[in-house]
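Below is model-v9.cif, which holds mmCIF, N, CA and C atoms.
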data_target
#
loop_
_atom_site.group_PDB
_atom_site.id
_atom_site.type_symbol
_atom_site.label_atom_id
_atom_site.label_comp_id
_atom_site.auth_asym_id
_atom_site.auth_seq_id
_atom_site.Cartn_x
_atom_site.Cartn_y
_atom_site.Cartn_z
ATOM 1 N N MET C 1 82.839 52.741 -55.406
ATOM 2 C CA MET C 1 82.659 52.048 -54.157
ATOM 3 C C MET C 1 84.002 51.829 -53.468
ATOM 4 N N GLU C 2 84.934 51.447 -54.320
ATOM 5 C CA GLU C 2 86.284 51.237 -53.839
ATOM 6 C C GLU C 2 86.820 52.520 -53.216
ATOM 7 N N GLU C 3 86.501 53.615 -53.820
ATOM 8 C CA GLU C 3 86.947 54.906 -53.340
ATOM 9 C C GLU C 3 86.297 55.236 -51.984
ATOM 10 N N ILE C 4 85.037 54.898 -51.830
ATOM 11 C CA ILE C 4 84.317 55.153 -50.582
ATOM 12 C C ILE C 4 84.915 54.305 -49.458
ATOM 13 N N ILE C 5 85.181 53.056 -49.754
ATOM 14 C CA ILE C 5 85.774 52.166 -48.760
ATOM 15 C C ILE C 5 87.161 52.674 -48.369
ATOM 16 N N GLY C 6 87.929 53.126 -49.325
ATOM 17 C CA GLY C 6 89.253 53.678 -49.054
ATOM 18 C C GLY C 6 89.162 54.925 -48.177
ATOM 19 N N ARG C 7 88.177 55.767 -48.519
ATOM 20 C CA ARG C 7 87.979 56.996 -47.751
ATOM 21 C C ARG C 7 87.544 56.674 -46.323
ATOM 22 N N LEU C 8 86.639 55.708 -46.175
ATOM 23 C CA LEU C 8 86.194 55.274 -44.840
ATOM 24 C C LEU C 8 87.358 54.689 -44.049
ATOM 25 N N SER C 9 88.200 53.951 -44.730
ATOM 26 C CA SER C 9 89.375 53.374 -44.079
ATOM 27 C C SER C 9 90.310 54.480 -43.592
ATOM 28 N N GLU C 10 90.484 55.525 -44.413
ATOM 29 C CA GLU C 10 91.314 56.660 -44.005
ATOM 30 C C GLU C 10 90.718 57.372 -42.785
ATOM 31 N N ILE C 11 89.402 57.555 -42.827
ATOM 32 C CA ILE C 11 88.718 58.218 -41.708
ATOM 33 C C ILE C 11 88.860 57.373 -40.440
ATOM 34 N N GLU C 12 88.702 56.070 -40.590
ATOM 35 C CA GLU C 12 88.834 55.180 -39.440
ATOM 36 C C GLU C 12 90.258 55.225 -38.886
ATOM 37 N N SER C 13 91.251 55.246 -39.757
ATOM 38 C CA SER C 13 92.651 55.326 -39.323
ATOM 39 C C SER C 13 92.910 56.645 -38.608
ATOM 40 N N ALA C 14 92.357 57.729 -39.164
ATOM 41 C CA ALA C 14 92.537 59.045 -38.541
ATOM 42 C C ALA C 14 91.853 59.080 -37.176
ATOM 43 N N ALA C 15 90.651 58.512 -37.111
ATOM 44 C CA ALA C 15 89.923 58.484 -35.843
ATOM 45 C C ALA C 15 90.677 57.637 -34.825
ATOM 46 N N SER C 16 91.231 56.534 -35.274
ATOM 47 C CA SER C 16 92.006 55.663 -34.387
ATOM 48 C C SER C 16 93.240 56.393 -33.874
ATOM 49 N N ALA C 17 93.911 57.142 -34.750
ATOM 50 C CA ALA C 17 95.087 57.899 -34.358
ATOM 51 C C ALA C 17 94.698 58.985 -33.339
ATOM 52 N N ILE C 18 93.566 59.644 -33.599
ATOM 53 C CA ILE C 18 93.085 60.675 -32.665
ATOM 54 C C ILE C 18 92.774 60.041 -31.310
ATOM 55 N N MET C 19 92.114 58.889 -31.310
ATOM 56 C CA MET C 19 91.776 58.186 -30.068
ATOM 57 C C MET C 19 93.051 57.759 -29.328
ATOM 58 N N ASP C 20 94.038 57.255 -30.066
ATOM 59 C CA ASP C 20 95.309 56.862 -29.438
ATOM 60 C C ASP C 20 95.999 58.078 -28.816
ATOM 61 N N GLU C 21 96.020 59.194 -29.558
ATOM 62 C CA GLU C 21 96.635 60.411 -29.046
ATOM 63 C C GLU C 21 95.882 60.924 -27.812
ATOM 64 N N ALA C 22 94.568 60.859 -27.854
ATOM 65 C CA ALA C 22 93.767 61.288 -26.701
ATOM 66 C C ALA C 22 94.051 60.385 -25.497
ATOM 67 N N GLY C 23 94.200 59.091 -25.732
ATOM 68 C CA GLY C 23 94.527 58.154 -24.652
ATOM 69 C C GLY C 23 95.881 58.461 -24.043
ATOM 70 N N GLU C 24 96.857 58.785 -24.891
ATOM 71 C CA GLU C 24 98.188 59.137 -24.401
ATOM 72 C C GLU C 24 98.157 60.438 -23.586
ATOM 73 N N LYS C 25 97.398 61.427 -24.106
ATOM 74 C CA LYS C 25 97.270 62.688 -23.368
ATOM 75 C C LYS C 25 96.570 62.458 -22.023
ATOM 76 N N LYS C 26 95.556 61.607 -22.038
ATOM 77 C CA LYS C 26 94.828 61.296 -20.800
ATOM 78 C C LYS C 26 95.776 60.644 -19.791
ATOM 79 N N LYS C 27 96.598 59.708 -20.277
ATOM 80 C CA LYS C 27 97.562 59.038 -19.395
ATOM 81 C C LYS C 27 98.580 60.028 -18.866
ATOM 82 N N ALA C 28 99.083 60.910 -19.740
ATOM 83 C CA ALA C 28 100.070 61.909 -19.327
ATOM 84 C C ALA C 28 99.465 62.848 -18.276
ATOM 85 N N MET C 29 98.224 63.256 -18.499
ATOM 86 C CA MET C 29 97.552 64.133 -17.538
ATOM 87 C C MET C 29 97.338 63.409 -16.209
ATOM 88 N N SER C 30 96.961 62.155 -16.281
ATOM 89 C CA SER C 30 96.754 61.360 -15.072
ATOM 90 C C SER C 30 98.064 61.213 -14.294
ATOM 91 N N ASP C 31 99.146 60.932 -15.034
ATOM 92 C CA ASP C 31 100.462 60.824 -14.400
ATOM 93 C C ASP C 31 100.879 62.152 -13.755
ATOM 94 N N GLU C 32 100.620 63.260 -14.463
ATOM 95 C CA GLU C 32 100.965 64.582 -13.934
ATOM 96 C C GLU C 32 100.136 64.882 -12.680
ATOM 97 N N LEU C 33 98.858 64.551 -12.702
ATOM 98 C CA LEU C 33 98.014 64.762 -11.521
ATOM 99 C C LEU C 33 98.494 63.922 -10.340
ATOM 100 N N GLU C 34 98.889 62.697 -10.601
ATOM 101 C CA GLU C 34 99.421 61.842 -9.531
ATOM 102 C C GLU C 34 100.702 62.423 -8.955
ATOM 103 N N ARG C 35 101.576 62.920 -9.841
ATOM 104 C CA ARG C 35 102.819 63.531 -9.393
ATOM 105 C C ARG C 35 102.530 64.761 -8.539
ATOM 106 N N MET C 36 101.604 65.596 -8.995
ATOM 107 C CA MET C 36 101.242 66.803 -8.260
ATOM 108 C C MET C 36 100.609 66.445 -6.909
ATOM 109 N N LYS C 37 99.767 65.416 -6.914
ATOM 110 C CA LYS C 37 99.121 64.977 -5.679
ATOM 111 C C LYS C 37 100.166 64.484 -4.681
ATOM 112 N N LYS C 38 101.123 63.706 -5.159
ATOM 113 C CA LYS C 38 102.184 63.208 -4.284
ATOM 114 C C LYS C 38 103.040 64.356 -3.768
ATOM 115 N N GLU C 39 103.389 65.290 -4.636
ATOM 116 C CA GLU C 39 104.188 66.445 -4.230
ATOM 117 C C GLU C 39 103.444 67.262 -3.174
ATOM 118 N N TRP C 40 102.146 67.491 -3.392
ATOM 119 C CA TRP C 40 101.335 68.240 -2.433
ATOM 120 C C TRP C 40 101.277 67.501 -1.099
ATOM 121 N N SER C 41 101.072 66.196 -1.169
ATOM 122 C CA SER C 41 100.997 65.383 0.045
ATOM 123 C C SER C 41 102.325 65.410 0.798
ATOM 124 N N ASP C 42 103.432 65.286 0.062
ATOM 125 C CA ASP C 42 104.753 65.337 0.692
ATOM 126 C C ASP C 42 105.004 66.696 1.340
ATOM 127 N N ASN C 43 104.638 67.765 0.633
ATOM 128 C CA ASN C 43 104.812 69.113 1.186
ATOM 129 C C ASN C 43 103.957 69.309 2.433
ATOM 130 N N LEU C 44 102.723 68.818 2.374
ATOM 131 C CA LEU C 44 101.834 68.933 3.529
ATOM 132 C C LEU C 44 102.402 68.168 4.721
ATOM 133 N N GLU C 45 102.909 66.972 4.472
ATOM 134 C CA GLU C 45 103.515 66.162 5.533
ATOM 135 C C GLU C 45 104.719 66.892 6.130
ATOM 136 N N LYS C 46 105.550 67.462 5.267
ATOM 137 C CA LYS C 46 106.739 68.195 5.733
ATOM 138 C C LYS C 46 106.327 69.401 6.573
ATOM 139 N N GLN C 47 105.353 70.165 6.097
ATOM 140 C CA GLN C 47 104.889 71.345 6.838
ATOM 141 C C GLN C 47 104.281 70.941 8.179
ATOM 142 N N THR C 48 103.542 69.854 8.171
ATOM 143 C CA THR C 48 102.930 69.373 9.409
ATOM 144 C C THR C 48 103.997 68.979 10.415
ATOM 145 N N GLN C 49 105.007 68.254 9.967
ATOM 146 C CA GLN C 49 106.087 67.844 10.860
ATOM 147 C C GLN C 49 106.857 69.062 11.393
ATOM 148 N N GLU C 50 107.085 70.045 10.535
ATOM 149 C CA GLU C 50 107.779 71.259 10.972
ATOM 150 C C GLU C 50 106.956 72.000 12.021
ATOM 151 N N LYS C 51 105.639 72.085 11.808
ATOM 152 C CA LYS C 51 104.763 72.771 12.761
ATOM 153 C C LYS C 51 104.725 72.014 14.091
ATOM 154 N N ILE C 52 104.656 70.699 14.024
ATOM 155 C CA ILE C 52 104.658 69.890 15.244
ATOM 156 C C ILE C 52 105.965 70.108 16.007
ATOM 157 N N GLU C 53 107.081 70.109 15.302
ATOM 158 C CA GLU C 53 108.383 70.328 15.949
ATOM 159 C C GLU C 53 108.450 71.721 16.566
ATOM 160 N N GLN C 54 107.946 72.719 15.860
ATOM 161 C CA GLN C 54 107.918 74.085 16.386
ATOM 162 C C GLN C 54 107.073 74.143 17.663
ATOM 163 N N LEU C 55 105.906 73.508 17.638
ATOM 164 C CA LEU C 55 105.042 73.489 18.821
ATOM 165 C C LEU C 55 105.704 72.755 19.984
ATOM 166 N N ARG C 56 106.403 71.668 19.687
ATOM 167 C CA ARG C 56 107.126 70.943 20.741
ATOM 168 C C ARG C 56 108.178 71.840 21.399
ATOM 169 N N LYS C 57 108.916 72.558 20.565
ATOM 170 C CA LYS C 57 109.942 73.459 21.094
ATOM 171 C C LYS C 57 109.311 74.552 21.952
ATOM 172 N N GLU C 58 108.215 75.131 21.451
ATOM 173 C CA GLU C 58 107.537 76.185 22.209
ATOM 174 C C GLU C 58 107.011 75.648 23.541
ATOM 175 N N MET C 59 106.396 74.466 23.486
ATOM 176 C CA MET C 59 105.867 73.873 24.712
ATOM 177 C C MET C 59 107.002 73.526 25.674
ATOM 178 N N GLY C 60 108.102 73.032 25.139
ATOM 179 C CA GLY C 60 109.257 72.716 25.973
ATOM 180 C C GLY C 60 109.787 73.968 26.657
ATOM 181 N N ALA C 61 109.860 75.068 25.914
ATOM 182 C CA ALA C 61 110.332 76.324 26.488
ATOM 183 C C ALA C 61 109.355 76.817 27.557
ATOM 184 N N ASP C 62 108.051 76.700 27.277
ATOM 185 C CA ASP C 62 107.046 77.112 28.262
ATOM 186 C C ASP C 62 107.157 76.282 29.539
ATOM 187 N N ILE C 63 107.319 74.985 29.370
ATOM 188 C CA ILE C 63 107.446 74.097 30.531
ATOM 189 C C ILE C 63 108.711 74.432 31.315
ATOM 190 N N GLU C 64 109.803 74.670 30.596
ATOM 191 C CA GLU C 64 111.063 75.003 31.256
ATOM 192 C C GLU C 64 110.934 76.311 32.045
ATOM 193 N N ASN C 65 110.284 77.302 31.445
ATOM 194 C CA ASN C 65 110.070 78.572 32.150
ATOM 195 C C ASN C 65 109.188 78.370 33.377
ATOM 196 N N SER C 66 108.165 77.569 33.213
ATOM 197 C CA SER C 66 107.268 77.290 34.334
ATOM 198 C C SER C 66 108.016 76.587 35.463
ATOM 199 N N LEU C 67 108.869 75.633 35.104
ATOM 200 C CA LEU C 67 109.665 74.934 36.116
ATOM 201 C C LEU C 67 110.623 75.882 36.830
ATOM 202 N N LYS C 68 111.230 76.793 36.072
ATOM 203 C CA LYS C 68 112.130 77.772 36.688
ATOM 204 C C LYS C 68 111.375 78.618 37.705
ATOM 205 N N LEU C 69 110.179 79.051 37.315
ATOM 206 C CA LEU C 69 109.376 79.857 38.242
ATOM 207 C C LEU C 69 109.005 79.063 39.490
ATOM 208 N N GLN C 70 108.612 77.806 39.292
ATOM 209 C CA GLN C 70 108.245 76.963 40.425
ATOM 210 C C GLN C 70 109.443 76.727 41.343
ATOM 211 N N LYS C 71 110.609 76.484 40.763
ATOM 212 C CA LYS C 71 111.817 76.290 41.573
ATOM 213 C C LYS C 71 112.150 77.547 42.364
ATOM 214 N N GLU C 72 112.032 78.694 41.700
ATOM 215 C CA GLU C 72 112.323 79.956 42.378
ATOM 216 C C GLU C 72 111.340 80.195 43.517
ATOM 217 N N LYS C 73 110.070 79.918 43.286
ATOM 218 C CA LYS C 73 109.067 80.074 44.344
ATOM 219 C C LYS C 73 109.351 79.116 45.502
ATOM 220 N N ALA C 74 109.731 77.891 45.163
ATOM 221 C CA ALA C 74 110.049 76.911 46.208
ATOM 222 C C ALA C 74 111.259 77.370 47.025
ATOM 223 N N LYS C 75 112.286 77.881 46.355
ATOM 224 C CA LYS C 75 113.471 78.387 47.058
ATOM 225 C C LYS C 75 113.081 79.531 47.996
ATOM 226 N N GLN C 76 112.252 80.438 47.501
ATOM 227 C CA GLN C 76 111.820 81.561 48.320
ATOM 228 C C GLN C 76 110.999 81.071 49.521
ATOM 229 N N TYR C 77 110.134 80.102 49.280
ATOM 230 C CA TYR C 77 109.312 79.557 50.355
ATOM 231 C C TYR C 77 110.183 78.879 51.414
ATOM 232 N N ILE C 78 111.150 78.082 50.987
ATOM 233 C CA ILE C 78 112.062 77.408 51.924
ATOM 234 C C ILE C 78 112.891 78.436 52.685
ATOM 235 N N LYS C 79 113.363 79.456 51.990
ATOM 236 C CA LYS C 79 114.134 80.514 52.649
ATOM 237 C C LYS C 79 113.278 81.193 53.711
ATOM 238 N N LYS C 80 112.021 81.489 53.369
ATOM 239 C CA LYS C 80 111.114 82.134 54.321
ATOM 240 C C LYS C 80 110.869 81.221 55.530
ATOM 241 N N MET C 81 110.710 79.912 55.274
ATOM 242 C CA MET C 81 110.506 78.964 56.373
ATOM 243 C C MET C 81 111.737 78.926 57.280
ATOM 244 N N HIS C 82 112.931 78.942 56.701
ATOM 245 C CA HIS C 82 114.160 78.968 57.500
ATOM 246 C C HIS C 82 114.241 80.245 58.338
ATOM 247 N N GLU C 83 113.897 81.347 57.704
ATOM 248 C CA GLU C 83 113.922 82.620 58.438
ATOM 249 C C GLU C 83 112.938 82.590 59.610
ATOM 250 N N LEU C 84 111.726 82.102 59.350
ATOM 251 C CA LEU C 84 110.719 82.007 60.421
ATOM 252 C C LEU C 84 111.195 81.068 61.527
ATOM 253 N N TYR C 85 111.792 79.963 61.136
ATOM 254 C CA TYR C 85 112.295 79.021 62.137
ATOM 255 C C TYR C 85 113.402 79.674 62.965
ATOM 256 N N ASN C 86 114.356 80.305 62.265
ATOM 257 C CA ASN C 86 115.470 80.941 62.977
ATOM 258 C C ASN C 86 114.978 82.040 63.923
ATOM 259 N N GLU C 87 113.952 82.766 63.512
ATOM 260 C CA GLU C 87 113.417 83.834 64.352
ATOM 261 C C GLU C 87 112.578 83.296 65.517
ATOM 262 N N ASN C 88 111.905 82.173 65.295
ATOM 263 C CA ASN C 88 110.916 81.710 66.276
ATOM 264 C C ASN C 88 111.204 80.330 66.865
ATOM 265 N N HIS C 89 112.372 79.772 66.646
ATOM 266 C CA HIS C 89 112.592 78.396 67.095
ATOM 267 C C HIS C 89 112.479 78.265 68.614
ATOM 268 N N ASP C 90 112.898 79.261 69.355
ATOM 269 C CA ASP C 90 112.739 79.189 70.818
ATOM 270 C C ASP C 90 111.266 79.131 71.191
ATOM 271 N N SER C 91 110.483 79.945 70.542
ATOM 272 C CA SER C 91 109.038 79.959 70.805
ATOM 273 C C SER C 91 108.406 78.626 70.425
ATOM 274 N N TYR C 92 108.817 78.070 69.279
ATOM 275 C CA TYR C 92 108.289 76.769 68.848
ATOM 276 C C TYR C 92 108.644 75.679 69.859
ATOM 277 N N VAL C 93 109.884 75.691 70.338
ATOM 278 C CA VAL C 93 110.341 74.672 71.290
ATOM 279 C C VAL C 93 109.553 74.801 72.594
ATOM 280 N N ASN C 94 109.409 76.004 73.071
ATOM 281 C CA ASN C 94 108.650 76.207 74.307
ATOM 282 C C ASN C 94 107.196 75.776 74.156
ATOM 283 N N SER C 95 106.590 76.134 73.047
ATOM 284 C CA SER C 95 105.196 75.762 72.800
ATOM 285 C C SER C 95 105.047 74.247 72.734
ATOM 286 N N LEU C 96 105.963 73.589 72.033
ATOM 287 C CA LEU C 96 105.928 72.133 71.925
ATOM 288 C C LEU C 96 106.151 71.490 73.294
ATOM 289 N N PHE C 97 107.102 72.014 74.040
ATOM 290 C CA PHE C 97 107.389 71.492 75.369
ATOM 291 C C PHE C 97 106.164 71.619 76.274
ATOM 292 N N ASN C 98 105.516 72.785 76.245
ATOM 293 C CA ASN C 98 104.312 72.993 77.057
ATOM 294 C C ASN C 98 103.194 72.036 76.659
ATOM 295 N N GLU C 99 103.031 71.779 75.377
ATOM 296 C CA GLU C 99 102.004 70.844 74.908
ATOM 297 C C GLU C 99 102.309 69.424 75.401
ATOM 298 N N LEU C 100 103.590 69.047 75.353
ATOM 299 C CA LEU C 100 103.985 67.708 75.815
ATOM 300 C C LEU C 100 103.748 67.557 77.329
ATOM 301 N N ILE C 101 104.017 68.599 78.051
ATOM 302 C CA ILE C 101 103.815 68.558 79.501
ATOM 303 C C ILE C 101 102.316 68.401 79.801
ATOM 304 N N LYS C 102 101.478 69.120 79.104
ATOM 305 C CA LYS C 102 100.017 69.034 79.303
ATOM 306 C C LYS C 102 99.539 67.608 79.047
ATOM 307 N N VAL C 103 100.015 66.992 77.997
ATOM 308 C CA VAL C 103 99.612 65.629 77.639
ATOM 309 C C VAL C 103 100.098 64.651 78.674
ATOM 310 N N ALA C 104 101.307 64.848 79.164
ATOM 311 C CA ALA C 104 101.898 63.928 80.144
ATOM 312 C C ALA C 104 101.206 64.027 81.493
ATOM 313 N N LEU C 105 100.656 65.166 81.836
ATOM 314 C CA LEU C 105 100.005 65.340 83.154
ATOM 315 C C LEU C 105 98.616 64.885 83.058
#

For the structure just supplied, provide its representation as structure tokens.
Amino acid sequence: MEEIIGRLSEIESAASAIMDEAGEKKKAMSDELERMKKEWSDNLEKQTQEKIEQLRKEMGADIENSLKLQKEKAKQYIKKMHELYNENHDSYVNSLFNELIKVAL
């Protein structure tokens, strides 16, 4: 009987050691998963920020190009208006003068 109790005690000690080792492995795996999750999250955050910055730069360049085109079109339009005025200012003055005379009479 004494031998059976001793054997049961050994089995219980071995089972306890196995359970403790399994608990440690479970904790180590949990810690590793947390580390991997944090690393993945950090990498995702970094990639997201890099992509956002890249898009900002691209949009800024697009806006700058668009503004350049608009400025150039405005310059051309103003130049054309000056040319039309220089070519037709006598006609404009006469037309305006005639309209004023009609209103005054």

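Pairwise distance (CA of Lys68 (chain C), CA of Gln49 (chain C)) equals 28.3 Å.
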
Enclose the full set of atoms of region 16-22 of chain C listed in the file within a box whose edges lie along x, y and z, apply 4 Å of padding to each of the six sides, and report centre and edge lengths in Å to one decimal as AutoDock Vina command-line options.
--center_x 93.9 --center_y 58.5 --center_z -30.4 --size_x 13.4 --size_y 13.6 --size_z 17.8

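Distance-wise, CA of Glu34 (chain C) and CA of Glu50 (chain C) end up 24.1 Å apart.
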
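Here CA of Glu58 (chain C) stands at a distance of 20.5 Å from atom N of Glu45 (chain C).
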